[in-house]
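Since the structure comes first, as structure tokens, the remarks are kept for the end.
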Number of protein chains: 2
Amino acid sequence: MTTPQPTGWQAIQAEVLRRVHAREWPPGHIIPGEVDLAAEFGCARATVNRALQALADAGILERRRKAGTRVAMYPVGRAVLDIPVLRQDIEERGHVYGYRLLEQSIMTPDPVCAQKLGGNTTALHVRAVHLADDAPFVLEDRWINLKTVPHAAEQSFDTLSANEWLLHTVPYTKIDVSLSAQAASEEGAATLRLAPGAPVFTVERTTWDHDDPVTYVTLRYAPGFELHTQIGG
Amino acid sequence: MTTPQPTGWQAIQAEVLRRVHAREWPPGHIIPGEVDLAAEFGCARATVNRALQALADAGILERRRKAGTRVAMYPVGRAVLDIPVLRQDIEERGHVYGYRLLEQSIMTPDPVCAQKLGGNTTALHVRAVHLADDAPFVLEDRWINLKTVPHAAEQSFDTLSANEWLLHTVPYTKIDVSLSAQAASEEGAATLRLAPGAPVFTVERTTWDHDDPVTYVTLRYAPGFELHTQIGG
DNA sequence: GTTGTTATTATGTATAGACATAATAATGAA
DNA sequence: TTCATTATTATGTCTATACATAATAACAAC
């Protein structure tokens with residue numbers, strides 16, 4: 001046996017998953033109730049509940065009170081996309097992490113950023129490169145809301161990245177993430193060492209602490225970058 | 001009260017989350033054991049367990065037997081990326097869905113695809129466009145492994161997209177997803193109505209049924225496309 | 001000091017039983 | 001027929017208790 005057989009609620013989860021995958025319970029099918037399954041598997045209802053709950057969290061099943069549990073119509077998937085700290089990300093890829101601050105200044109953000117930061121405010125603008133084995137990996141362009149994080153103004157980000165400083169200093173409750181493909185600007189192209197107009201994988205994040213915008217950051221990845229993830233498995 | 005106060009285990013989750021966000025329990029901090037928390041909150045240990053478990057699933061907490069529960073060093077985030085069926089995606093954006101088959105033929109895949117499909121095999125090659133309000137939205141380039149899905153050869157994908165047919169017909173257990181920014185090829189540019197070399201948001205997926213490769217698909221999105229998601233909130 | 005063995009302990013999981021809740025189905029009144 | 005009311009029912013959740021398990025800590029032997 002290469003992988004140990006799961007036991008307990010995970011065994012139930014595996015069996016239910018098998019029936020779904022084997023189309024014994026096709027998409028849209030209403031599966032037996034918890035009591036029936038508990039009887040079949042010879043366990044308590046709570047154990048079945050745990051298993052089905054987990055599958056519902058994963059988007060495989062849809063559960064509604066009274067209506068019962070059904071196999072999701074489009075059991076497509078819910079990819080869990082881990083967004084690690086850049087340093088960690090680079091080191092996990094087996095490279096030496098490097099960091100270089102390009103610019104740090106207090107200024108009035110342009111209208112687009114101002115809107116992301118929630119109206120008129122002064123902001124700290126930080127631009128930096130994250131290096132993998134001395135090659136530019138990510139270009140970070142960040143605005144920090146000084147109304148929400150006033151003490152960021154006294155901080156210098158020449159050795160410690162704003163990324164990590166914020167993470168360990170400023171509370172947040174919500175992050176909006178947006179992924180896109182964009183054409184490299186003149187300036188960005190130079191920093192990332194590629195041709196202007198070249199495709200750049202871009203991640204934009206807006207971070208909030210409840211209703212207060214904390215920071216708005218654009219990460220531009222070096223060419224060849226791919227974000228991998230998995231559904232199921 | 002705009003949002004109803006959570007009760008039960010969700011209330012506990014909320015309170016723990018508050019302490020984490022408020023830095024009462026900073027990253028790396030070991031929080032009290034389940035028995036202590038249960039005593040503090042006046043509930044059963046199982047209820048605390050449910051709450052902490054959920055937070056551990058979300059990547060906020062790290063739990064290890066005997067060692068206890070600690071706040072994650074990098075409470076970064078785990079974005080849940082829903083990958084819907086294209087039709088559904090387009091309709092949810094408020095557009096009229098359209099579909100046009102470009103090509104369907106049985107052929108030997110090129111080396112790259114052959115590798116993704118697990119060695120030498122014949123494959124069904126399907127190319128199609130998915131339209132939003134008659135404008136090209138996604139270019140689908142798909143290879144279906146005929147060794148795993150032989151009856152795909154008799155299927156015609158001129159009205160029903162391979163996407164939906166596969167989803168409702170062929171079982172799968174695992175999907176590898178890769179997101180990247182790529183330059184538009186001559187041909188792809190023409191179909192998506194953009195300049196060659198323009199940045200194209202690209203999603204590559206390989207689908208498996210256990211160890212059998214089912215299909216390998218490349219989705220090229222029209223310019224301006226953004227994939228949104230949220231952490232926390 | 002190092003290694004191997006044995007508590008100790010916090011989480012992991014299972015149990016039966018109970019009540020809550022939401023949504024459907026059945027029933028009755030207008 | 002149509003609408004409002006009231007069962008009914010499957011899931012949601014909590015409780016208390018018990019045992020399993022993994023990892024640390026304490027201790028013993030070498």
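By order of appearance in the structure tokens: chains A, B, ..., then residues from 1 within every chain, and ligands from 1 in the order shown.
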Legend entry - Within 8 Å of chain C: residues of chain A, using only C-alpha atoms (C1' of nucleotides), as a VMD selection string: chain A and resid 8 44 47 65 to 67
Inset, instruction - Assign secondary structure with DSSP using the backbone only, and return the residues of stretch 6-205 of chain A in alpha helix (DSSP H) as number ranges by chain. - result: A: 9-21, 34-41, 45-57, 86-92, 111-116, 162-169, 186-192
Take the selection from the previous step and output its residues with C-alpha atoms, as a PDB file, in the first residue's frame.
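Ended up saving to again31.pdb:
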```pdb
ATOM      1  CA  TRP A   9     -14.485  10.707   8.533  1.00  0.00           C
ATOM      2  CA  GLN A  10     -11.835  10.893   5.842  1.00  0.00           C
ATOM      3  CA  ALA A  11     -12.658   7.365   4.771  1.00  0.00           C
ATOM      4  CA  ILE A  12     -16.268   8.416   4.359  1.00  0.00           C
ATOM      5  CA  GLN A  13     -15.202  11.473   2.437  1.00  0.00           C
ATOM      6  CA  ALA A  14     -13.089   9.285   0.156  1.00  0.00           C
ATOM      7  CA  GLU A  15     -15.951   6.882  -0.475  1.00  0.00           C
ATOM      8  CA  VAL A  16     -18.419   9.662  -1.239  1.00  0.00           C
ATOM      9  CA  LEU A  17     -15.860  11.265  -3.521  1.00  0.00           C
ATOM     10  CA  ARG A  18     -15.337   7.956  -5.273  1.00  0.00           C
ATOM     11  CA  ARG A  19     -19.054   7.623  -5.971  1.00  0.00           C
ATOM     12  CA  VAL A  20     -19.149  11.150  -7.318  1.00  0.00           C
ATOM     13  CA  HIS A  21     -16.145  10.604  -9.549  1.00  0.00           C
ATOM     14  CA  GLU A  34     -26.957  11.748   6.703  1.00  0.00           C
ATOM     15  CA  VAL A  35     -28.854   9.198   8.795  1.00  0.00           C
ATOM     16  CA  ASP A  36     -28.967   6.721   5.928  1.00  0.00           C
ATOM     17  CA  LEU A  37     -25.294   7.130   5.158  1.00  0.00           C
ATOM     18  CA  ALA A  38     -24.440   6.820   8.831  1.00  0.00           C
ATOM     19  CA  ALA A  39     -26.374   3.561   8.937  1.00  0.00           C
ATOM     20  CA  GLU A  40     -24.676   2.312   5.783  1.00  0.00           C
ATOM     21  CA  PHE A  41     -21.178   3.156   6.962  1.00  0.00           C
ATOM     22  CA  ARG A  45     -24.324  10.986  11.921  1.00  0.00           C
ATOM     23  CA  ALA A  46     -21.813  13.577  13.108  1.00  0.00           C
ATOM     24  CA  THR A  47     -19.071  11.671  11.350  1.00  0.00           C
ATOM     25  CA  VAL A  48     -20.963  11.685   8.073  1.00  0.00           C
ATOM     26  CA  ASN A  49     -21.700  15.354   8.654  1.00  0.00           C
ATOM     27  CA  ARG A  50     -18.007  16.130   9.008  1.00  0.00           C
ATOM     28  CA  ALA A  51     -17.231  14.394   5.732  1.00  0.00           C
ATOM     29  CA  LEU A  52     -20.046  15.974   3.742  1.00  0.00           C
ATOM     30  CA  GLN A  53     -19.318  19.374   5.225  1.00  0.00           C
ATOM     31  CA  ALA A  54     -15.741  19.172   4.035  1.00  0.00           C
ATOM     32  CA  LEU A  55     -16.869  18.191   0.542  1.00  0.00           C
ATOM     33  CA  ALA A  56     -19.338  21.062   0.509  1.00  0.00           C
ATOM     34  CA  ASP A  57     -16.544  23.453   1.503  1.00  0.00           C
ATOM     35  CA  LEU A  86       7.680  37.058  -1.878  1.00  0.00           C
ATOM     36  CA  ARG A  87      10.792  36.151   0.064  1.00  0.00           C
ATOM     37  CA  GLN A  88       9.320  32.812   0.980  1.00  0.00           C
ATOM     38  CA  ASP A  89       8.047  32.219  -2.527  1.00  0.00           C
ATOM     39  CA  ILE A  90      11.471  32.827  -4.047  1.00  0.00           C
ATOM     40  CA  GLU A  91      13.293  30.755  -1.464  1.00  0.00           C
ATOM     41  CA  GLU A  92      10.884  27.863  -1.933  1.00  0.00           C
ATOM     42  CA  PRO A 111      -6.576  59.468  -9.071  1.00  0.00           C
ATOM     43  CA  VAL A 112      -6.650  55.727  -9.706  1.00  0.00           C
ATOM     44  CA  CYS A 113      -4.616  54.907  -6.598  1.00  0.00           C
ATOM     45  CA  ALA A 114      -6.433  57.535  -4.571  1.00  0.00           C
ATOM     46  CA  GLN A 115      -9.683  55.799  -5.349  1.00  0.00           C
ATOM     47  CA  LYS A 116      -8.275  52.416  -4.285  1.00  0.00           C
ATOM     48  CA  ALA A 162       7.289  47.005   2.853  1.00  0.00           C
ATOM     49  CA  ASN A 163       5.639  43.683   2.144  1.00  0.00           C
ATOM     50  CA  GLU A 164       7.073  42.047   5.233  1.00  0.00           C
ATOM     51  CA  TRP A 165       6.982  45.116   7.442  1.00  0.00           C
ATOM     52  CA  LEU A 166       3.288  45.648   6.858  1.00  0.00           C
ATOM     53  CA  LEU A 167       2.514  41.981   7.352  1.00  0.00           C
ATOM     54  CA  HIS A 168       4.128  41.954  10.764  1.00  0.00           C
ATOM     55  CA  THR A 169       3.040  45.375  11.914  1.00  0.00           C
ATOM     56  CA  GLU A 186       8.887  51.719 -20.679  1.00  0.00           C
ATOM     57  CA  GLU A 187      10.092  51.997 -17.126  1.00  0.00           C
ATOM     58  CA  GLY A 188       8.915  48.622 -15.903  1.00  0.00           C
ATOM     59  CA  ALA A 189      10.453  46.947 -18.919  1.00  0.00           C
ATOM     60  CA  ALA A 190      13.836  48.457 -18.123  1.00  0.00           C
ATOM     61  CA  THR A 191      13.747  47.256 -14.510  1.00  0.00           C
ATOM     62  CA  LEU A 192      12.592  43.773 -15.388  1.00  0.00           C
TER      63      LEU A 192
END
```
Inset, instruction - Return the neighbours of chain A among the residues of chain D, cut-off 12 Å, counting only C-alpha atoms (C1' of nucleotides), as a list in words. - result: DT8, DT9, DA10, DT11, DG12, DT13, DC14 and DA20 of chain D
Go ahead and dump the residues you just picked, C-alpha atoms (C1' of nucleotides), as a compact mmCIF listing (two decimals), in the first residue's frame.
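Output below, filename part-v2.txt:
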```txt
# COMPACT_ATOMS: atom_id res chain seq x y z
C1' DT D 8 -42.51 17.60 8.52
C1' DT D 9 -37.83 16.79 7.67
C1' DA D 10 -32.76 17.14 6.54
C1' DT D 11 -29.18 19.65 7.77
C1' DG D 12 -26.80 22.72 11.33
C1' DT D 13 -24.98 22.95 15.59
C1' DC D 14 -23.96 22.13 20.64
C1' DA D 20 -6.56 7.85 19.73
```
Inset, instruction - Identify every residue of chain A that has at least one atom within 9 Å of any atom of chain B, counting only C-alpha atoms, and report the result as a PyMOL selection string. - result: chain A and resi 17-18+20-23+26-27+73-85+164+167-183+197-202+209-210+223-233
Inset, instruction - In Å, rounded to a single decimal, give me how far atom CA of B:Leu101 is from atom CA of B:Trp143. - result: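 If I compute the distance from atom CA of B:Trp143 to atom CA of B:Leu101, I get 14.0 Å.
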Inset, instruction - Could you tell me how far atom CA of B:Thr159 lies from atom CA of B:Asn120, in Å and to one decimal? - result: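 About the pair atom CA of B:Thr159 and atom CA of B:Asn120: they are 29.4 Å apart.
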Inset, instruction - Enumerate as a count of residues only all residues of stretch 89-197 of chain B assigned to strand (DSSP E or B) by DSSP on the backbone, naming them with the chain letters and numbers the document uses. - result: 42
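Going from atom CA of B:Leu124 over to atom CA of B:Val96, you cover 28.1 Å.
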